[in-house]
>>> print(open('my_file.cif').read())   # mmCIF, C-alpha atoms
data_target
#
loop_
_atom_site.group_PDB
_atom_site.id
_atom_site.type_symbol
_atom_site.label_atom_id
_atom_site.label_comp_id
_atom_site.auth_asym_id
_atom_site.auth_seq_id
_atom_site.Cartn_x
_atom_site.Cartn_y
_atom_site.Cartn_z
ATOM 1 C CA MET A 1 51.615 72.677 115.697
ATOM 2 C CA LYS A 2 52.612 76.034 117.168
ATOM 3 C CA ASN A 3 52.922 78.950 114.774
ATOM 4 C CA GLU A 4 55.938 81.273 114.752
ATOM 5 C CA PHE A 5 54.262 83.946 116.885
ATOM 6 C CA ILE A 6 53.296 81.481 119.629
ATOM 7 C CA LYS A 7 56.773 79.930 119.549
ATOM 8 C CA ASN A 8 58.389 83.349 120.080
ATOM 9 C CA TRP A 9 55.895 84.249 122.780
ATOM 10 C CA ASP A 10 56.499 80.919 124.514
ATOM 11 C CA THR A 11 60.280 81.497 124.456
ATOM 12 C CA GLN A 12 59.927 85.034 125.821
ATOM 13 C CA LEU A 13 57.543 83.860 128.546
ATOM 14 C CA LYS A 14 59.902 81.112 129.691
ATOM 15 C CA LYS A 15 62.843 83.535 129.535
ATOM 16 C CA GLY A 16 60.960 85.990 131.743
ATOM 17 C CA LEU A 17 60.024 83.270 134.205
ATOM 18 C CA LEU A 18 63.514 81.770 134.340
ATOM 19 C CA PRO A 19 64.678 83.674 137.483
ATOM 20 C CA PHE A 20 61.512 82.414 139.197
ATOM 21 C CA PHE A 21 62.178 78.817 138.168
ATOM 22 C CA VAL A 22 65.811 79.057 139.294
ATOM 23 C CA LEU A 23 64.802 80.374 142.724
ATOM 24 C CA LYS A 24 62.033 77.760 142.933
ATOM 25 C CA ALA A 25 64.465 74.957 142.074
ATOM 26 C CA LEU A 26 66.933 76.191 144.699
ATOM 27 C CA GLU A 27 64.213 76.639 147.317
ATOM 28 C CA THR A 28 64.277 72.962 148.239
ATOM 29 C CA LYS A 29 67.893 71.989 147.583
ATOM 30 C CA GLU A 30 71.222 73.568 146.725
ATOM 31 C CA CYS A 31 72.563 72.811 143.229
ATOM 32 C CA TYR A 32 75.696 73.321 141.182
ATOM 33 C CA GLY A 33 75.392 74.723 137.660
ATOM 34 C CA TYR A 34 75.064 71.508 135.654
ATOM 35 C CA GLU A 35 72.729 69.976 138.260
ATOM 36 C CA LEU A 36 70.525 73.078 138.184
ATOM 37 C CA ILE A 37 70.191 72.859 134.393
ATOM 38 C CA GLN A 38 69.097 69.209 134.736
ATOM 39 C CA THR A 39 66.654 70.107 137.535
ATOM 40 C CA LEU A 40 65.080 72.865 135.432
ATOM 41 C CA LYS A 41 64.686 70.399 132.568
ATOM 42 C CA ASP A 42 63.310 67.542 134.669
ATOM 43 C CA THR A 43 61.060 69.561 136.988
ATOM 44 C CA PHE A 44 59.853 72.452 134.842
ATOM 45 C CA GLY A 45 60.509 71.183 131.323
ATOM 46 C CA ILE A 46 62.771 74.143 130.597
ATOM 47 C CA ASP A 47 65.815 73.528 128.467
ATOM 48 C CA VAL A 48 68.409 76.207 129.210
ATOM 49 C CA THR A 49 72.013 76.312 128.155
ATOM 50 C CA GLU A 50 75.028 77.154 130.262
ATOM 51 C CA SER A 51 75.384 80.454 128.363
ATOM 52 C CA THR A 52 71.978 81.520 129.740
ATOM 53 C CA ILE A 53 72.194 80.126 133.243
ATOM 54 C CA TYR A 54 75.709 81.350 134.122
ATOM 55 C CA PRO A 55 75.088 85.110 133.620
ATOM 56 C CA LEU A 56 71.679 84.722 135.276
ATOM 57 C CA LEU A 57 73.218 83.117 138.370
ATOM 58 C CA VAL A 58 75.781 85.937 138.530
ATOM 59 C CA ARG A 59 72.942 88.479 138.322
ATOM 60 C CA LEU A 60 70.954 86.748 141.068
ATOM 61 C CA MET A 61 74.078 86.651 143.230
ATOM 62 C CA LYS A 62 74.677 90.357 142.584
ATOM 63 C CA ASP A 63 71.109 91.038 143.684
ATOM 64 C CA ASN A 64 71.778 89.045 146.884
ATOM 65 C CA LEU A 65 69.069 86.490 146.049
ATOM 66 C CA LEU A 66 71.578 83.631 146.003
ATOM 67 C CA VAL A 67 74.735 82.706 147.877
ATOM 68 C CA HIS A 68 77.353 80.184 146.875
ATOM 69 C CA LYS A 69 79.930 77.827 148.274
ATOM 70 C CA TRP A 70 82.714 75.978 146.457
ATOM 71 C CA ILE A 71 82.826 72.294 147.381
ATOM 72 C CA GLU A 72 85.974 70.335 146.606
ATOM 73 C CA GLN A 73 85.529 67.096 144.638
ATOM 74 C CA THR A 74 87.712 64.013 144.363
ATOM 75 C CA SER A 75 88.174 64.850 140.656
ATOM 76 C CA GLY A 76 90.043 68.016 141.695
ATOM 77 C CA ILE A 77 87.467 70.175 139.869
ATOM 78 C CA PRO A 78 85.359 71.824 142.612
ATOM 79 C CA ARG A 79 81.639 72.449 142.252
ATOM 80 C CA LYS A 80 80.059 75.820 142.933
ATOM 81 C CA TYR A 81 76.879 75.141 144.891
ATOM 82 C CA TYR A 82 74.183 77.807 144.843
ATOM 83 C CA TYR A 83 71.826 78.358 147.798
ATOM 84 C CA ILE A 84 68.789 80.610 148.009
ATOM 85 C CA SER A 85 69.259 83.480 150.491
ATOM 86 C CA PRO A 86 66.564 84.779 152.888
ATOM 87 C CA GLU A 87 66.176 87.741 150.492
ATOM 88 C CA GLY A 88 65.795 85.261 147.630
ATOM 89 C CA LYS A 89 63.056 83.417 149.529
ATOM 90 C CA ALA A 90 61.210 86.677 150.187
ATOM 91 C CA ASN A 91 61.459 87.629 146.504
ATOM 92 C CA LEU A 92 60.325 84.154 145.437
ATOM 93 C CA ALA A 93 57.215 84.491 147.631
ATOM 94 C CA GLU A 94 56.413 87.846 145.998
ATOM 95 C CA MET A 95 56.969 86.416 142.521
ATOM 96 C CA LYS A 96 54.647 83.493 143.324
ATOM 97 C CA GLN A 97 52.005 85.938 144.496
ATOM 98 C CA THR A 98 52.278 87.947 141.264
ATOM 99 C CA ILE A 99 52.060 84.821 139.102
ATOM 100 C CA GLU A 100 49.015 83.610 141.050
ATOM 101 C CA GLU A 101 47.316 86.993 140.556
ATOM 102 C CA VAL A 102 47.979 86.806 136.813
ATOM 103 C CA ILE A 103 46.578 83.266 136.647
ATOM 104 C CA ILE A 104 43.459 84.307 138.579
ATOM 105 C CA LYS A 105 42.923 87.177 136.129
ATOM 106 C CA ILE A 106 43.408 84.883 133.139
ATOM 107 C CA LYS A 107 40.979 82.296 134.545
ATOM 108 C CA GLY A 108 38.487 85.039 135.396
ATOM 109 C CA GLN A 109 38.172 86.084 131.738
ATOM 110 C CA MET B 1 92.155 76.171 138.583
ATOM 111 C CA LYS B 2 92.959 72.571 137.758
ATOM 112 C CA PRO B 3 92.837 72.115 133.973
ATOM 113 C CA ILE B 4 90.831 69.192 132.616
ATOM 114 C CA GLU B 5 92.972 66.507 131.019
ATOM 115 C CA PHE B 6 91.690 64.869 127.848
ATOM 116 C CA LYS B 7 92.990 61.627 126.381
ATOM 117 C CA ASN B 8 92.469 62.867 122.846
ATOM 118 C CA GLN B 9 94.994 65.480 121.734
ATOM 119 C CA ALA B 10 92.492 67.280 119.503
ATOM 120 C CA SER B 11 90.057 67.599 122.443
ATOM 121 C CA GLN B 12 92.841 68.986 124.618
ATOM 122 C CA ARG B 13 93.681 71.597 121.984
ATOM 123 C CA VAL B 14 90.046 72.637 121.608
ATOM 124 C CA TYR B 15 89.685 72.893 125.396
ATOM 125 C CA ASN B 16 92.947 74.840 125.810
ATOM 126 C CA ASP B 17 91.922 77.247 123.068
ATOM 127 C CA TYR B 18 88.534 77.911 124.717
ATOM 128 C CA ILE B 19 90.154 78.446 128.122
ATOM 129 C CA SER B 20 92.661 80.893 126.572
ATOM 130 C CA ARG B 21 89.800 82.856 125.002
ATOM 131 C CA CYS B 22 88.013 83.007 128.369
ATOM 132 C CA LYS B 23 91.198 84.209 130.075
ATOM 133 C CA ARG B 24 91.578 86.986 127.495
ATOM 134 C CA VAL B 25 88.008 88.184 128.043
ATOM 135 C CA ILE B 26 88.283 88.310 131.841
ATOM 136 C CA GLN B 27 91.812 89.697 132.129
ATOM 137 C CA ILE B 28 90.311 93.089 133.029
ATOM 138 C CA LEU B 29 89.055 91.608 136.331
ATOM 139 C CA SER B 30 90.921 91.232 139.620
ATOM 140 C CA ALA B 31 92.991 88.056 140.075
ATOM 141 C CA GLU B 32 90.407 86.714 142.526
ATOM 142 C CA ASP B 33 87.457 87.307 140.157
ATOM 143 C CA GLN B 34 89.427 85.825 137.240
ATOM 144 C CA LYS B 35 90.081 82.685 139.269
ATOM 145 C CA GLU B 36 86.422 82.392 140.248
ATOM 146 C CA CYS B 37 85.258 82.841 136.624
ATOM 147 C CA MET B 38 87.697 80.280 135.271
ATOM 148 C CA MET B 39 86.818 77.753 137.983
ATOM 149 C CA GLU B 40 83.153 78.127 137.124
ATOM 150 C CA VAL B 41 83.605 77.775 133.353
ATOM 151 C CA ASN B 42 85.906 74.804 133.961
ATOM 152 C CA SER B 43 83.328 73.195 136.233
ATOM 153 C CA TYR B 44 80.580 73.554 133.573
ATOM 154 C CA ILE B 45 82.826 71.894 130.996
ATOM 155 C CA TYR B 46 83.946 69.105 133.319
ATOM 156 C CA GLU B 47 80.463 68.215 134.620
ATOM 157 C CA TYR B 48 78.969 68.126 131.121
ATOM 158 C CA VAL B 49 81.757 66.025 129.608
ATOM 159 C CA ASN B 50 81.743 63.731 132.645
ATOM 160 C CA ASN B 51 77.987 63.175 132.301
ATOM 161 C CA HIS B 52 78.153 62.563 128.548
ATOM 162 C CA GLN B 53 80.965 60.043 128.411
ATOM 163 C CA ASN B 54 81.135 57.902 125.330
ATOM 164 C CA ASP B 55 83.888 56.613 123.053
ATOM 165 C CA ASP B 56 84.184 59.923 121.267
ATOM 166 C CA GLU B 57 85.612 62.435 123.758
ATOM 167 C CA LEU B 58 85.466 65.373 121.376
ATOM 168 C CA THR B 59 81.683 65.398 120.774
ATOM 169 C CA PRO B 60 80.563 66.208 124.354
ATOM 170 C CA LEU B 61 83.352 68.780 124.593
ATOM 171 C CA LEU B 62 82.205 70.522 121.415
ATOM 172 C CA ASN B 63 78.606 70.324 122.643
ATOM 173 C CA ILE B 64 79.339 71.988 125.964
ATOM 174 C CA LEU B 65 81.479 74.686 124.342
ATOM 175 C CA GLU B 66 78.592 75.389 121.979
ATOM 176 C CA ARG B 67 76.184 75.498 124.931
ATOM 177 C CA LEU B 68 78.517 77.863 126.794
ATOM 178 C CA GLY B 69 78.728 80.082 123.722
ATOM 179 C CA ALA B 70 81.524 82.410 122.690
ATOM 180 C CA PRO B 71 83.351 83.666 125.816
ATOM 181 C CA GLU B 72 83.293 87.178 124.343
ATOM 182 C CA VAL B 73 79.469 87.099 124.538
ATOM 183 C CA THR B 74 78.673 84.861 127.526
ATOM 184 C CA LEU B 75 81.229 86.421 129.871
ATOM 185 C CA LYS B 76 80.447 90.009 128.867
ATOM 186 C CA GLU B 77 77.670 90.470 131.421
ATOM 187 C CA VAL B 78 79.632 88.550 134.059
ATOM 188 C CA VAL B 79 82.673 90.788 133.560
ATOM 189 C CA ALA B 80 80.538 93.967 133.657
ATOM 190 C CA ALA B 81 78.861 92.900 136.923
ATOM 191 C CA LYS B 82 82.098 91.868 138.623
ATOM 192 C CA LYS B 83 83.864 95.047 137.485
ATOM 193 C CA ILE B 84 81.230 97.250 139.147
ATOM 194 C CA ASN B 85 81.768 95.330 142.394
ATOM 195 C CA GLN B 86 85.526 95.797 142.074
ATOM 196 C CA ALA B 87 85.168 99.564 141.439
ATOM 197 C CA VAL B 88 82.948 100.055 144.487
ATOM 198 C CA ARG B 89 85.180 97.837 146.625
ATOM 199 C CA THR B 90 88.555 99.332 145.691
ATOM 200 C CA PHE B 91 87.743 103.054 145.143
ATOM 201 C CA ASN B 92 90.201 102.901 142.225
ATOM 202 C CA LEU B 93 89.644 105.439 139.404
ATOM 203 C CA LYS B 94 90.946 103.014 136.743
ATOM 204 C CA HIS B 95 88.440 100.318 137.776
ATOM 205 C CA LEU B 96 85.723 102.940 137.992
ATOM 206 C CA ILE B 97 86.278 104.087 134.387
ATOM 207 C CA GLN B 98 86.500 100.468 133.140
ATOM 208 C CA ALA B 99 83.313 99.508 135.006
ATOM 209 C CA LEU B 100 81.392 102.472 133.624
ATOM 210 C CA LEU B 101 82.594 101.795 130.079
ATOM 211 C CA LEU B 102 81.512 98.151 130.362
ATOM 212 C CA ASN B 103 78.103 99.155 131.704
ATOM 213 C CA LEU B 104 77.394 102.105 129.395
ATOM 214 C CA ARG B 105 74.809 100.085 127.506
ATOM 215 C CA ASN B 106 73.019 99.187 130.739
ATOM 216 C CA GLY B 107 71.215 102.479 131.120
ATOM 217 C CA VAL B 108 71.190 106.252 131.233
ATOM 218 C CA ALA B 109 72.415 106.248 134.850
ATOM 219 C CA TYR B 110 75.760 104.805 133.775
ATOM 220 C CA ILE B 111 76.057 107.384 130.974
ATOM 221 C CA VAL B 112 75.505 110.187 133.519
ATOM 222 C CA LEU B 113 78.086 108.603 135.820
ATOM 223 C CA PHE B 114 80.530 108.349 132.931
ATOM 224 C CA ILE B 115 80.101 112.060 132.136
ATOM 225 C CA LEU B 116 80.713 112.872 135.816
ATOM 226 C CA THR B 117 83.841 110.718 135.715
ATOM 227 C CA LEU B 118 85.087 112.525 132.611
ATOM 228 C CA THR B 119 84.547 115.818 134.466
ATOM 229 C CA LEU B 120 86.533 114.387 137.353
ATOM 230 C CA VAL B 121 89.420 113.600 134.993
ATOM 231 C CA CYS B 122 89.268 117.187 133.642
ATOM 232 C CA PHE B 123 89.782 118.771 137.068
ATOM 233 C CA PRO B 124 93.456 117.769 137.440
ATOM 234 C CA VAL B 125 94.006 119.127 133.914
ATOM 235 C CA ALA B 126 92.577 122.461 135.087
ATOM 236 C CA ILE B 127 95.034 122.457 138.014
ATOM 237 C CA ILE B 128 97.970 121.874 135.624
ATOM 238 C CA MET B 129 96.706 124.664 133.342
ATOM 239 C CA LYS B 130 96.477 127.004 136.337
ATOM 240 C CA ILE B 131 100.127 126.287 137.174
ATOM 241 C CA ILE B 132 101.261 126.735 133.541
ATOM 242 C CA ASP B 133 99.081 129.733 132.691
ATOM 243 C CA PRO B 134 97.655 131.254 135.911
ATOM 244 C CA VAL B 135 96.380 134.456 134.292
ATOM 245 C CA LYS B 136 94.028 132.764 131.795
ATOM 246 C CA THR B 137 92.867 129.878 134.005
ATOM 247 C CA GLY B 138 90.255 130.070 136.742
ATOM 248 C CA LEU B 139 86.585 130.487 137.534
ATOM 249 C CA TRP B 140 85.334 133.330 135.374
ATOM 250 C CA VAL B 141 82.223 135.282 136.254
ATOM 251 C CA GLY B 142 80.723 138.314 134.558
ATOM 252 C CA LYS B 143 77.488 139.693 133.218
ATOM 253 C CA GLY B 144 75.813 136.689 131.582
ATOM 254 C CA HIS B 145 79.080 134.746 131.732
ATOM 255 C CA PHE B 146 80.156 131.811 133.822
ATOM 256 C CA ALA B 147 83.170 129.772 132.786
ATOM 257 C CA PHE B 148 85.469 127.274 134.402
ATOM 258 C CA GLY B 149 88.938 126.588 133.082
ATOM 259 C CA GLN B 150 91.016 128.449 130.543
ATOM 260 C CA ILE B 151 89.494 131.223 128.428
ATOM 261 C CA LYS B 152 90.619 134.167 126.367
ATOM 262 C CA GLN B 153 90.458 137.261 128.512
ATOM 263 C CA GLN B 154 87.438 139.416 127.772
ATOM 264 C CA GLU B 155 86.118 142.674 129.136
ATOM 265 C CA GLY B 156 83.387 142.438 131.744
ATOM 266 C CA ILE B 157 84.399 139.099 133.173
ATOM 267 C CA SER B 158 86.810 138.441 135.982
ATOM 268 C CA GLU B 159 88.412 135.518 137.730
ATOM 269 C CA VAL B 160 86.955 135.103 141.201
ATOM 270 C CA LEU B 161 88.956 132.346 142.890
ATOM 271 C CA GLY B 162 92.514 133.632 142.446
ATOM 272 C CA ASN B 163 94.960 131.667 144.588
ATOM 273 C CA PHE B 164 92.130 129.554 145.956
ATOM 274 C CA PHE B 165 91.514 127.983 142.526
ATOM 275 C CA ILE B 166 93.787 124.958 143.066
ATOM 276 C CA PRO B 167 92.539 124.108 146.622
ATOM 277 C CA VAL B 168 88.909 124.541 145.497
ATOM 278 C CA VAL B 169 89.444 122.247 142.484
ATOM 279 C CA ILE B 170 91.128 119.608 144.699
ATOM 280 C CA ILE B 171 88.141 119.719 147.088
ATOM 281 C CA LEU B 172 85.766 119.479 144.105
ATOM 282 C CA CYS B 173 87.736 116.472 142.815
ATOM 283 C CA ILE B 174 87.402 114.636 146.129
ATOM 284 C CA ALA B 175 83.720 115.562 146.489
ATOM 285 C CA LEU B 176 82.923 114.493 142.920
ATOM 286 C CA TYR B 177 84.769 111.233 143.344
ATOM 287 C CA PHE B 178 82.809 110.310 146.471
ATOM 288 C CA LEU B 179 79.587 111.451 144.776
ATOM 289 C CA ILE B 180 80.280 109.060 141.866
ATOM 290 C CA ILE B 181 80.985 106.144 144.224
ATOM 291 C CA PHE B 182 77.875 107.034 146.260
ATOM 292 C CA LEU B 183 75.691 107.150 143.114
ATOM 293 C CA LEU B 184 77.168 103.862 141.923
ATOM 294 C CA LYS B 185 76.258 102.242 145.241
ATOM 295 C CA ILE B 186 72.723 103.657 145.018
ATOM 296 C CA ILE B 187 72.300 102.284 141.480
ATOM 297 C CA LYS B 188 73.548 98.893 142.643
ATOM 298 C CA THR B 189 71.151 98.864 145.601
ATOM 299 C CA LYS B 190 68.197 100.043 143.483
ATOM 300 C CA LYS B 191 68.861 97.313 140.927
ATOM 301 C CA SER B 192 68.785 94.771 143.759
#
>>> encode(input="my_file.cif", output="structure tokens")
Amino acid sequence: MKNEFIKNWDTQLKKGLLPFFVLKALETKECYGYELIQTLKDTFGIDVTESTIYPLLVRLMKDNLLVHKWIEQTSGIPRKYYYISPEGKANLAEMKQTIEEVIIKIKGQ
Amino acid sequence: MKPIEFKNQASQRVYNDYISRCKRVIQILSAEDQKECMMEVNSYIYEYVNNHQNDDELTPLLNILERLGAPEVTLKEVVAAKKINQAVRTFNLKHLIQALLLNLRNGVAYIVLFILTLTLVCFPVAIIMKIIDPVKTGLWVGKGHFAFGQIKQQEGISEVLGNFFIPVVIILCIALYFLIIFLLKIIKTKKS
């Protein structure tokens, strides 16, 4: 069983990696908010709430890493689909590189 | 934004109350940004409730509202980010002051910008003071003295701008305003 320190560290680590996971999830397919939350849970085992993902998506949009498009639905409630931008892809590649370097260092110990 | 319709009256009231709170928080934004925010919040609620349908309509609604959190907290960062965009886009002093106030906690750069904006607001006051009391208002220079605005007259210092005070202050106002917008754009780009 994880102790309190490890639990906090685990939470902080996942929080720090969240922008990476969001970009990674959107690298292969566009998603709307709810779908993205499910993808993060199913693919990366990360359980995020809407209160975390919404401001993060706004921040990533502000930084030009994502673009969006509203798609009308038969329900009358449109979905906001997020797509990764070319700048987002370039940043994702750099983030991957950094993570790989960290892993190599950890394994080298 | 198309409101979600609930069969249960209690659910509808809870939903309406949450939407009203969201609207209050984002009312500082432009009509377009408000619409976008509300559509997004509405979409989160609808998709969650639609994917958690059971006999009890209220439970998934309460769950998603809990997951979304208090609008005053969740939408704070969203409002701050959108307000900066609006200030840069519109060149409007009111939006600029609101954006800087909302972002004051986001770093020293915004505090510096806010001080510059306060200075900008003081310049028109100096112009009014010059019209009301031209003798005591101006740019004062003397041995070891440098003052801008209204001062008590002292020996050894003199006003150097004279009739040029008002035009110079107007030029300074315009220059400072564009400097603030320019700095704001740089901060935005650097953060990207």
>>> closest_residue(input="my_file.cif", among="A:Gly108, A:Gly76, A:Pro55, A:Gly88", to="Phe20 in chain A", atoms="all atoms listed in the file")
A:Gly88
>>> interface_residues(input="my_file.cif", of="chain A", to="chain B", cutoff="9 Å", atoms="only C-alpha atoms", output="short mmCIF file (atom, residue, chain, number, x, y, z; two decimals) with C-alpha atoms, in the coordinates of the input")
data_model
loop_
_atom_site.label_atom_id
_atom_site.label_comp_id
_atom_site.auth_asym_id
_atom_site.auth_seq_id
_atom_site.Cartn_x
_atom_site.Cartn_y
_atom_site.Cartn_z
CA GLY A 33 75.39 74.72 137.66
CA TYR A 34 75.06 71.51 135.65
CA GLU A 35 72.73 69.98 138.26
CA VAL A 48 68.41 76.21 129.21
CA THR A 49 72.01 76.31 128.16
CA GLU A 50 75.03 77.15 130.26
CA SER A 51 75.38 80.45 128.36
CA THR A 52 71.98 81.52 129.74
CA TYR A 54 75.71 81.35 134.12
CA PRO A 55 75.09 85.11 133.62
CA LEU A 56 71.68 84.72 135.28
CA VAL A 58 75.78 85.94 138.53
CA ARG A 59 72.94 88.48 138.32
CA LEU A 60 70.95 86.75 141.07
CA LYS A 62 74.68 90.36 142.58
CA ASP A 63 71.11 91.04 143.68
CA ASN A 64 71.78 89.04 146.88
CA LEU A 65 69.07 86.49 146.05
CA GLY A 76 90.04 68.02 141.70
CA ILE A 77 87.47 70.18 139.87
CA PRO A 78 85.36 71.82 142.61
CA ARG A 79 81.64 72.45 142.25
CA LYS A 80 80.06 75.82 142.93
#
>>> atom_distance(input="my_file.cif", atom1="CA of Lys185 in chain B", atom2="CA of Ala93 in chain A")
26.1 Å
>>> resolve_selection(input="my_file.cif", expression="the PyMOL selection byres ((chain B and resi 11) around 10)", output="list in words")
Glu5, Phe6, Lys7, Asn8, Gln9, Ala10, Gln12, Arg13, Val14, Tyr15, Asn16, Asp17, Asp56, Glu57, Leu58, Thr59, Pro60, Leu61 and Leu62 of chain B
>>> atom_distance(input="my_file.cif", atom1="CA of Gln27 in chain B", atom2="CA of Leu93 in chain B")
17.5 Å
>>> residues_around(input="my_file.cif", residues="Arg24 in chain B", least_positions_apart="4", cutoff="10 Å", atoms="all atoms listed in the file", output="count of residues only")
6
>>> resolve_selection(input="my_file.cif", expression="the PyMOL selection byres ((chain B and resi 122-133) around 12)", output="MDAnalysis selection string")
chainID B and resid 115:121 134:139 148:152 159 161:177
>>> atom_distance(input="my_file.cif", atom1="CA of Cys31 in chain A", atom2="CA of Tyr83 in chain A")
7.2 Å
>>> resolve_selection(input="my_file.cif", expression="the PyMOL selection byres ((chain B and resi 156) around 8)", output="PyMOL selection string")
chain B and resi 142-143+154-155+157-158
>>> closest_residue(input="my_file.cif", among="B:Ile84, B:Gln153, B:Met38, B:Asn54", to="Val25 in chain B", atoms="all atoms listed in the file")
B:Met38
>>> closest_residue(input="my_file.cif", among="A:His68, A:Tyr81, A:Asp10, A:Glu101", to="Leu36 in chain A", atoms="all atoms listed in the file")
A:Tyr81
>>> decode(input="my_file.cif", residues="range 56-68 of chain A", atoms="C-alpha atoms", output="PDB file, in the first residue's frame")
ATOM      1  CA  LEU A  56      -6.074  22.926 -19.196  1.00  0.00           C
ATOM      2  CA  LEU A  57      -7.633  22.752 -22.669  1.00  0.00           C
ATOM      3  CA  VAL A  58      -8.141  26.531 -22.605  1.00  0.00           C
ATOM      4  CA  ARG A  59      -4.471  26.972 -21.656  1.00  0.00           C
ATOM      5  CA  LEU A  60      -3.291  24.653 -24.435  1.00  0.00           C
ATOM      6  CA  MET A  61      -5.486  26.537 -26.900  1.00  0.00           C
ATOM      7  CA  LYS A  62      -4.058  29.852 -25.685  1.00  0.00           C
ATOM      8  CA  ASP A  63      -0.572  28.466 -26.264  1.00  0.00           C
ATOM      9  CA  ASN A  64      -1.616  27.487 -29.815  1.00  0.00           C
ATOM     10  CA  LEU A  65      -0.969  23.785 -29.156  1.00  0.00           C
ATOM     11  CA  LEU A  66      -4.592  22.876 -29.876  1.00  0.00           C
ATOM     12  CA  VAL A  67      -7.322  24.078 -32.207  1.00  0.00           C
ATOM     13  CA  HIS A  68     -11.027  23.426 -31.945  1.00  0.00           C
TER      14      HIS A  68
END
